[in-house]
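Take a look at the structure below.
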Amino acid sequence: MKVLLIGSGGREHALAWKIAQSPRLTKLYAAPGNPGIAQEATIVGLDTEDHEAVVDFCRTHTIDFVVVGPEAPLVAGLGDVLRAADIPVFGPSAAAARLEGSKGFTKDLCARYGIPTGAYKRFTDADSAKTYVREQGAPIVIKADGLAAGKGVTVAMSLDEALAAVDECFAGTFGAAGAEVVVEAYLDGEEASFFCLCDGKSVLPLASAQDHKRVGDGDTGPNTGGMGAYSPAPVMTAEMVERTMKEIIEPTVRGMAESGHPFAGVFFAGLMITEKGPELIEYNVRFGDPECQVLMMRLESDLLPLLFAAATGTLEGMKTEWRDDVALTVVMASRGYPGAYEKNTPIAALPDASAATKVFHAGTAMKDGGLVATGGRVLNVTATGKTVGEAKDAAYAAIRDVSWENGFYRNDIGWRAVARETA
């Protein structure tokens with residue numbers, strides 16, 4: 001099977017690494033890729049925003065299957081264009097991708113189908129939103145409605161912070177994503193990420209993970225795209241997984257089908273485990289980043305036929321096998337992230353990969369024969385172990401072999417689970 005992978009981040013490096021292991025693969029291409037992905041795939045100079053160019057490439061190179069990694073091409077309708085050209089593609093239609101592309105759309109779906117989530121209201125002007133915020137008080141959550149690269153959400157612990165977040169959205173900080181704002185109730189509990197594949201009818205649960213969104217140790221500072229993750233998440237017990245499937249995932253599948261936009265791809269449910277049980281914070285319509293990295297380290301099964309089954313309506317009866325080991329990844333980011341940061345800083349050395357340790361490239365490139373950091377989140381140093389503590393120790397040991405003066409990272413990834421293990 002000839003496969004084209006769309007994307008250039010750490011998530012796509014993890015997908016490329018796993019897809020490349022499939023005995024069903026004959027050739028893997030990637031666009032635009034990165035130096036890590038180039039170790040697994042042939043990088044092609046393809047403008048992935050030009051959907052017809054992607055179709056032409058697939059026809060010219062007899063591509064059997066396209067895997068779309070990031071959310072933006074899905075929300076922009078790349079999946080629809082490929083399906084119209086009879087090219088199988090992993091990822092939902094533009095209409096179904098609104099589950100991530102519009103926070104308000106998802107909240108309305110939750111209200112219609114009784115899916116547990118925080119109370120909310122939608123606003124298109126700052127004055128009305130701020131009036132509502134004052135009525136509700138803090139803590140409260142302010143979200144830009146559209147895609148904002150993981151940075152359009154403010155969990156405001158004070159009224160001043162909430163009002164400033166509303167102004168930030170409507171001032172254009174997040175571009176068109178902030179033209180509408182969703183204000184929702186603060187949910188108190190423990191966050192977890194839950195993933196499952198769907199082909200529009202059947203659902204295959206995958207695994208859980210826990211992300212660390214805030215930039216600083218102790219979960220301090222602004223939200224980021226994610227500073228680290230581990231899998232599985234201890235809070236996602238068998239009972240909690242069952243409740244999540246019945247109360248959140250299955251009603252969503254039913255609701256999307258009934259609305260005429262059946263969902264085919266991966267559900268990434270961001271959950272808050274409260275005293276009442278699992279409640280939906282938000283949906284993403286692609287694998288998480290950096291959660292994908294830890295999922296791929298634990299997945300024993302061949303990924304390629306699973307993705308193809310989700311894309312072609314043949315998921316029923318499929319099963320997955322997982323390693324019992326814990327996987328943990330630490331994100332190394334450019335100093336200044338999530339604010340302004342210097343680009344093209346040299347990365348002089350990386351640790352050697354092993355069966356238990358892998359560095360996934362996110363924001364990297366080759367320049368003048370050397371590896372440089374080009375993004376905010378740059379490397380995902382990932383390791384496995386029998387416990388979260390073991391995986392954490394292995395990942396941080398590997399970080400010591402990274403030679404990159406402009407990099408920084410959190411020192412406490414996995415802290416909640418480690419505390420559970422040592423209690």
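Letters for chains follow the order of the structure tokens (A, B, ...), residue numbers begin at 1 for each chain, and ligand numbers begin at 1 in the order shown.
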Within 6 Å of Glu291 of chain A using only C-alpha atoms, minus same-chain residues under 3 positions, as a count of residues only: 3
Selection near Glu184 of chain A, 10 Å with only C-alpha atoms, sequence-local residues under 6 positions removed, as a VMD selection string: chain A and resid 107 117 to 122 133 136 139 to 143 155 281
Selected residues, C-alpha atoms, written as a PDB file, in the first residue's frame, please.
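Done, and the output landed in again_9.pdb:
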```pdb
ATOM      1  CA  LYS A 107     -21.483  22.612  22.675  1.00  0.00           C
ATOM      2  CA  THR A 117     -20.364  19.149  29.532  1.00  0.00           C
ATOM      3  CA  GLY A 118     -20.092  22.549  31.209  1.00  0.00           C
ATOM      4  CA  ALA A 119     -22.931  25.060  30.857  1.00  0.00           C
ATOM      5  CA  TYR A 120     -22.149  27.652  28.178  1.00  0.00           C
ATOM      6  CA  LYS A 121     -23.213  30.594  26.044  1.00  0.00           C
ATOM      7  CA  ARG A 122     -21.996  31.831  22.641  1.00  0.00           C
ATOM      8  CA  VAL A 133     -18.894  36.776  32.631  1.00  0.00           C
ATOM      9  CA  GLN A 136     -21.305  34.164  36.352  1.00  0.00           C
ATOM     10  CA  PRO A 139     -13.377  30.757  37.795  1.00  0.00           C
ATOM     11  CA  ILE A 140     -14.752  30.577  34.262  1.00  0.00           C
ATOM     12  CA  VAL A 141     -13.495  29.432  30.847  1.00  0.00           C
ATOM     13  CA  ILE A 142     -13.164  31.661  27.757  1.00  0.00           C
ATOM     14  CA  LYS A 143     -12.693  29.970  24.372  1.00  0.00           C
ATOM     15  CA  VAL A 155      -9.130  29.048  32.206  1.00  0.00           C
ATOM     16  CA  ILE A 281     -14.263  19.749  27.679  1.00  0.00           C
TER      17      ILE A 281
END
```
Backbone-only DSSP, strand (DSSP E or B) members of segment 50-291 of chain A, as a ChimeraX atom specification: /A:65-68,89-90,117,120-123,140-144,153-156,181-185,190-199,203-211,214-216,220-223,228-231,264-274,277-284
Best match for closeness to Tyr230 of chain A among A:Leu159, A:Met256, A:Val215, A:Val388, counting only C-alpha atoms: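 Among the listed residues, the smallest separation from Tyr230 of chain A belongs to A:Val388.
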Gap from atom CA of Ala394 of chain A to atom CA of Val326 of chain A - Å, one decimal: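 Separation between atom CA of Ala394 of chain A and atom CA of Val326 of chain A: 11.2 Å.
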Pro278 of chain A environment, 10 Å, only C-alpha atoms, sequence neighbours closer than 3 positions dropped, as a ChimeraX atom specification: /A:115-117,189-192,236,240-241,243-245,247-248,270-275,281
Output file for the residues above (C-alpha atoms, as a PDB file, in the first residue's frame):
```pdb
ATOM      1  CA  ILE A 115     -23.785  14.824  26.470  1.00  0.00           C
ATOM      2  CA  PRO A 116     -22.356  15.919  29.836  1.00  0.00           C
ATOM      3  CA  THR A 117     -20.364  19.149  29.532  1.00  0.00           C
ATOM      4  CA  GLY A 189     -11.623  17.649  38.476  1.00  0.00           C
ATOM      5  CA  GLU A 190      -8.803  15.825  36.720  1.00  0.00           C
ATOM      6  CA  GLU A 191      -8.283  16.150  32.982  1.00  0.00           C
ATOM      7  CA  ALA A 192      -7.753  13.173  30.705  1.00  0.00           C
ATOM      8  CA  MET A 236      -9.407   6.516  33.178  1.00  0.00           C
ATOM      9  CA  MET A 240     -14.688   5.556  33.441  1.00  0.00           C
ATOM     10  CA  VAL A 241     -13.876   4.322  29.925  1.00  0.00           C
ATOM     11  CA  ARG A 243     -19.080   5.629  30.932  1.00  0.00           C
ATOM     12  CA  THR A 244     -17.184   7.811  28.453  1.00  0.00           C
ATOM     13  CA  MET A 245     -18.182   5.514  25.597  1.00  0.00           C
ATOM     14  CA  GLU A 247     -22.365   8.943  27.761  1.00  0.00           C
ATOM     15  CA  ILE A 248     -20.105  10.888  25.401  1.00  0.00           C
ATOM     16  CA  GLY A 270     -10.705  16.092  26.114  1.00  0.00           C
ATOM     17  CA  LEU A 271     -12.381  15.116  29.374  1.00  0.00           C
ATOM     18  CA  MET A 272     -12.716  16.428  32.890  1.00  0.00           C
ATOM     19  CA  ILE A 273     -13.306  13.667  35.413  1.00  0.00           C
ATOM     20  CA  THR A 274     -15.505  15.384  37.995  1.00  0.00           C
ATOM     21  CA  GLU A 275     -17.435  14.140  41.009  1.00  0.00           C
ATOM     22  CA  ILE A 281     -14.263  19.749  27.679  1.00  0.00           C
TER      23      ILE A 281
END
```
Separation of atom CA of Met227 of chain A from atom CA of Arg214 of chain A in Å: 7.0 Å
Computed interatomic separation between atom CA of Asp324 of chain A and atom CA of Gly385 of chain A (Å):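 For atom CA of Asp324 of chain A relative to atom CA of Gly385 of chain A, the distance reads 9.1 Å.
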Near-segment 395-403 of chain A list (8 Å; only C-alpha atoms; drop same-chain fewer than 2 positions) as a PyMOL selection string: chain A and resi 328-330+347-351+357+381-384+391-393+405
Spatial neighbours of segment 26-37 of chain A, 9 Å, only C-alpha atoms, chain gap at least 6 places, as an MDAnalysis selection string: chainID A and resid 1:10 12:17 19:20 43:48 63 359:366 371
Can you write just those residues out, C-alpha atoms, as a CSV table (one decimal), in the first residue's frame?
```csv
chain,number,residue,atom,x,y,z
A,1,MET,CA,0.0,0.0,0.0
A,2,LYS,CA,1.4,3.4,-1.0
A,3,VAL,CA,0.6,6.0,1.6
A,4,LEU,CA,0.8,9.8,1.7
A,5,LEU,CA,1.0,11.4,5.2
A,6,ILE,CA,0.1,15.1,5.5
A,7,GLY,CA,1.7,17.1,8.3
A,8,SER,CA,5.1,18.2,9.8
A,9,GLY,CA,4.9,17.9,13.6
A,10,GLY,CA,5.7,15.5,16.3
A,12,GLU,CA,3.1,13.1,12.3
A,13,HIS,CA,6.6,11.9,13.1
A,14,ALA,CA,5.0,9.4,15.5
A,15,LEU,CA,2.5,8.3,12.9
A,16,ALA,CA,5.2,8.0,10.2
A,17,TRP,CA,7.3,5.9,12.6
A,19,ILE,CA,3.1,3.3,9.8
A,20,ALA,CA,6.6,2.6,8.5
A,43,ILE,CA,9.6,13.9,1.8
A,44,VAL,CA,7.8,15.6,-1.1
A,45,GLY,CA,7.6,19.3,-2.0
A,46,LEU,CA,3.8,19.6,-2.1
A,47,ASP,CA,1.6,22.5,-1.1
A,48,THR,CA,-0.9,20.8,1.1
A,63,ILE,CA,-1.3,6.6,-3.8
A,359,VAL,CA,12.9,11.5,20.1
A,360,PHE,CA,10.1,12.6,17.8
A,361,HIS,CA,10.8,15.8,15.8
A,362,ALA,CA,8.2,18.6,15.9
A,363,GLY,CA,9.5,22.0,14.9
A,364,THR,CA,12.8,21.2,13.3
A,365,ALA,CA,14.5,21.7,9.9
A,366,MET,CA,17.9,21.2,8.3
A,371,LEU,CA,19.6,20.5,12.6
```
Neighbour list for Phe170 of chain A as a PyMOL selection string, cut-off 7 Å, only C-alpha atoms, skip fewer than 6 positions in-chain: chain A and resi 126+178-179
Contacts of segment 79-92 of chain A within 10 Å, only C-alpha atoms, excl. fewer than 2 positions in-chain, as a VMD selection string: chain A and resid 3 to 5 51 to 52 54 to 56 58 to 59 62 to 71 73 to 77 94 to 99 198 to 200 261 to 267 285 to 286 306 to 312
In segment 215-315 of chain A, DSSP alpha helix (DSSP H) residues written as a PyMOL selection string: chain A and resi 238-244+250-258+291-298+303-312
Got time to write the residues from that selection, N, CA and C atoms, as an mmCIF file, in the first residue's frame?
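The new file result-v2.cif reads:
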```
data_model
loop_
_atom_site.group_PDB
_atom_site.id
_atom_site.type_symbol
_atom_site.label_atom_id
_atom_site.label_comp_id
_atom_site.auth_asym_id
_atom_site.auth_seq_id
_atom_site.Cartn_x
_atom_site.Cartn_y
_atom_site.Cartn_z
ATOM 1 N N ALA A 238 -11.469 1.322 34.020
ATOM 2 C CA ALA A 238 -12.368 0.590 33.114
ATOM 3 C C ALA A 238 -13.789 1.142 33.211
ATOM 4 N N GLU A 239 -14.218 1.482 34.416
ATOM 5 C CA GLU A 239 -15.560 2.034 34.589
ATOM 6 C C GLU A 239 -15.683 3.395 33.913
ATOM 7 N N MET A 240 -14.645 4.225 34.036
ATOM 8 C CA MET A 240 -14.688 5.556 33.441
ATOM 9 C C MET A 240 -14.653 5.478 31.924
ATOM 10 N N VAL A 241 -13.898 4.516 31.380
ATOM 11 C CA VAL A 241 -13.876 4.322 29.925
ATOM 12 C C VAL A 241 -15.256 3.903 29.442
ATOM 13 N N GLU A 242 -15.895 2.978 30.154
ATOM 14 C CA GLU A 242 -17.234 2.514 29.766
ATOM 15 C C GLU A 242 -18.234 3.670 29.796
ATOM 16 N N ARG A 243 -18.160 4.492 30.839
ATOM 17 C CA ARG A 243 -19.080 5.629 30.932
ATOM 18 C C ARG A 243 -18.806 6.649 29.820
ATOM 19 N N THR A 244 -17.536 6.869 29.517
ATOM 20 C CA THR A 244 -17.184 7.811 28.453
ATOM 21 C C THR A 244 -17.745 7.343 27.119
ATOM 22 N N GLU A 250 -20.634 7.537 22.105
ATOM 23 C CA GLU A 250 -21.736 6.944 21.331
ATOM 24 C C GLU A 250 -22.825 7.956 20.987
ATOM 25 N N PRO A 251 -23.242 8.845 21.911
ATOM 26 C CA PRO A 251 -24.212 9.870 21.514
ATOM 27 C C PRO A 251 -23.669 10.825 20.450
ATOM 28 N N THR A 252 -22.360 11.075 20.479
ATOM 29 C CA THR A 252 -21.760 11.936 19.464
ATOM 30 C C THR A 252 -21.819 11.264 18.093
ATOM 31 N N VAL A 253 -21.460 9.986 18.039
ATOM 32 C CA VAL A 253 -21.526 9.241 16.771
ATOM 33 C C VAL A 253 -22.949 9.262 16.230
ATOM 34 N N ARG A 254 -23.899 9.013 17.101
ATOM 35 C CA ARG A 254 -25.318 9.007 16.696
ATOM 36 C C ARG A 254 -25.756 10.390 16.225
ATOM 37 N N GLY A 255 -25.368 11.410 16.987
ATOM 38 C CA GLY A 255 -25.761 12.764 16.641
ATOM 39 C C GLY A 255 -25.178 13.222 15.315
ATOM 40 N N MET A 256 -23.923 12.913 15.066
ATOM 41 C CA MET A 256 -23.304 13.310 13.805
ATOM 42 C C MET A 256 -23.945 12.593 12.625
ATOM 43 N N ALA A 257 -24.268 11.304 12.798
ATOM 44 C CA ALA A 257 -24.919 10.555 11.724
ATOM 45 C C ALA A 257 -26.315 11.108 11.452
ATOM 46 N N GLU A 258 -27.056 11.389 12.521
ATOM 47 C CA GLU A 258 -28.410 11.908 12.347
ATOM 48 C C GLU A 258 -28.420 13.296 11.718
ATOM 49 N N GLU A 291 0.048 13.685 22.705
ATOM 50 C CA GLU A 291 -0.516 12.397 23.125
ATOM 51 C C GLU A 291 -0.284 11.286 22.101
ATOM 52 N N CYS A 292 -0.304 11.630 20.823
ATOM 53 C CA CYS A 292 -0.086 10.612 19.787
ATOM 54 C C CYS A 292 1.248 9.901 19.978
ATOM 55 N N GLN A 293 2.250 10.659 20.405
ATOM 56 C CA GLN A 293 3.582 10.092 20.550
ATOM 57 C C GLN A 293 3.589 8.963 21.586
ATOM 58 N N VAL A 294 2.897 9.161 22.706
ATOM 59 C CA VAL A 294 2.887 8.110 23.724
ATOM 60 C C VAL A 294 1.969 6.954 23.324
ATOM 61 N N LEU A 295 0.896 7.258 22.597
ATOM 62 C CA LEU A 295 0.022 6.180 22.120
ATOM 63 C C LEU A 295 0.770 5.266 21.156
ATOM 64 N N MET A 296 1.518 5.858 20.230
ATOM 65 C CA MET A 296 2.225 5.046 19.233
ATOM 66 C C MET A 296 3.322 4.201 19.868
ATOM 67 N N MET A 297 3.935 4.707 20.939
ATOM 68 C CA MET A 297 4.958 3.918 21.639
ATOM 69 C C MET A 297 4.349 2.687 22.308
ATOM 70 N N ARG A 298 3.064 2.756 22.672
ATOM 71 C CA ARG A 298 2.416 1.649 23.376
ATOM 72 C C ARG A 298 1.651 0.706 22.455
ATOM 73 N N LEU A 303 -0.782 -0.234 12.830
ATOM 74 C CA LEU A 303 -1.626 0.954 12.764
ATOM 75 C C LEU A 303 -2.309 1.112 11.416
ATOM 76 N N LEU A 304 -1.610 0.780 10.340
ATOM 77 C CA LEU A 304 -2.108 1.091 8.998
ATOM 78 C C LEU A 304 -3.484 0.488 8.699
ATOM 79 N N PRO A 305 -3.703 -0.813 8.921
ATOM 80 C CA PRO A 305 -5.039 -1.345 8.636
ATOM 81 C C PRO A 305 -6.132 -0.764 9.537
ATOM 82 N N LEU A 306 -5.776 -0.323 10.741
ATOM 83 C CA LEU A 306 -6.765 0.307 11.614
ATOM 84 C C LEU A 306 -7.232 1.634 11.029
ATOM 85 N N LEU A 307 -6.274 2.448 10.589
ATOM 86 C CA LEU A 307 -6.633 3.727 9.982
ATOM 87 C C LEU A 307 -7.419 3.524 8.693
ATOM 88 N N PHE A 308 -7.010 2.532 7.891
ATOM 89 C CA PHE A 308 -7.694 2.273 6.623
ATOM 90 C C PHE A 308 -9.121 1.786 6.859
ATOM 91 N N ALA A 309 -9.314 0.972 7.898
ATOM 92 C CA ALA A 309 -10.666 0.494 8.221
ATOM 93 C C ALA A 309 -11.563 1.648 8.635
ATOM 94 N N ALA A 310 -11.033 2.589 9.412
ATOM 95 C CA ALA A 310 -11.819 3.757 9.812
ATOM 96 C C ALA A 310 -12.196 4.597 8.592
ATOM 97 N N ALA A 311 -11.300 4.653 7.612
ATOM 98 C CA ALA A 311 -11.533 5.475 6.429
ATOM 99 C C ALA A 311 -12.502 4.836 5.445
ATOM 100 N N THR A 312 -12.629 3.516 5.513
ATOM 101 C CA THR A 312 -13.402 2.805 4.479
ATOM 102 C C THR A 312 -14.641 2.102 5.015
#
```
Which of A:Pro290, A:Pro222, A:Gly376, A:Gly137 sits closest to Gln210 of chain A [using only C-alpha atoms]: A:Pro290
Minimum-distance residue to Gly216 of chain A, chosen among A:Gly260, A:Gly175, A:Gly228, A:Gly152 (using only C-alpha atoms): A:Gly228
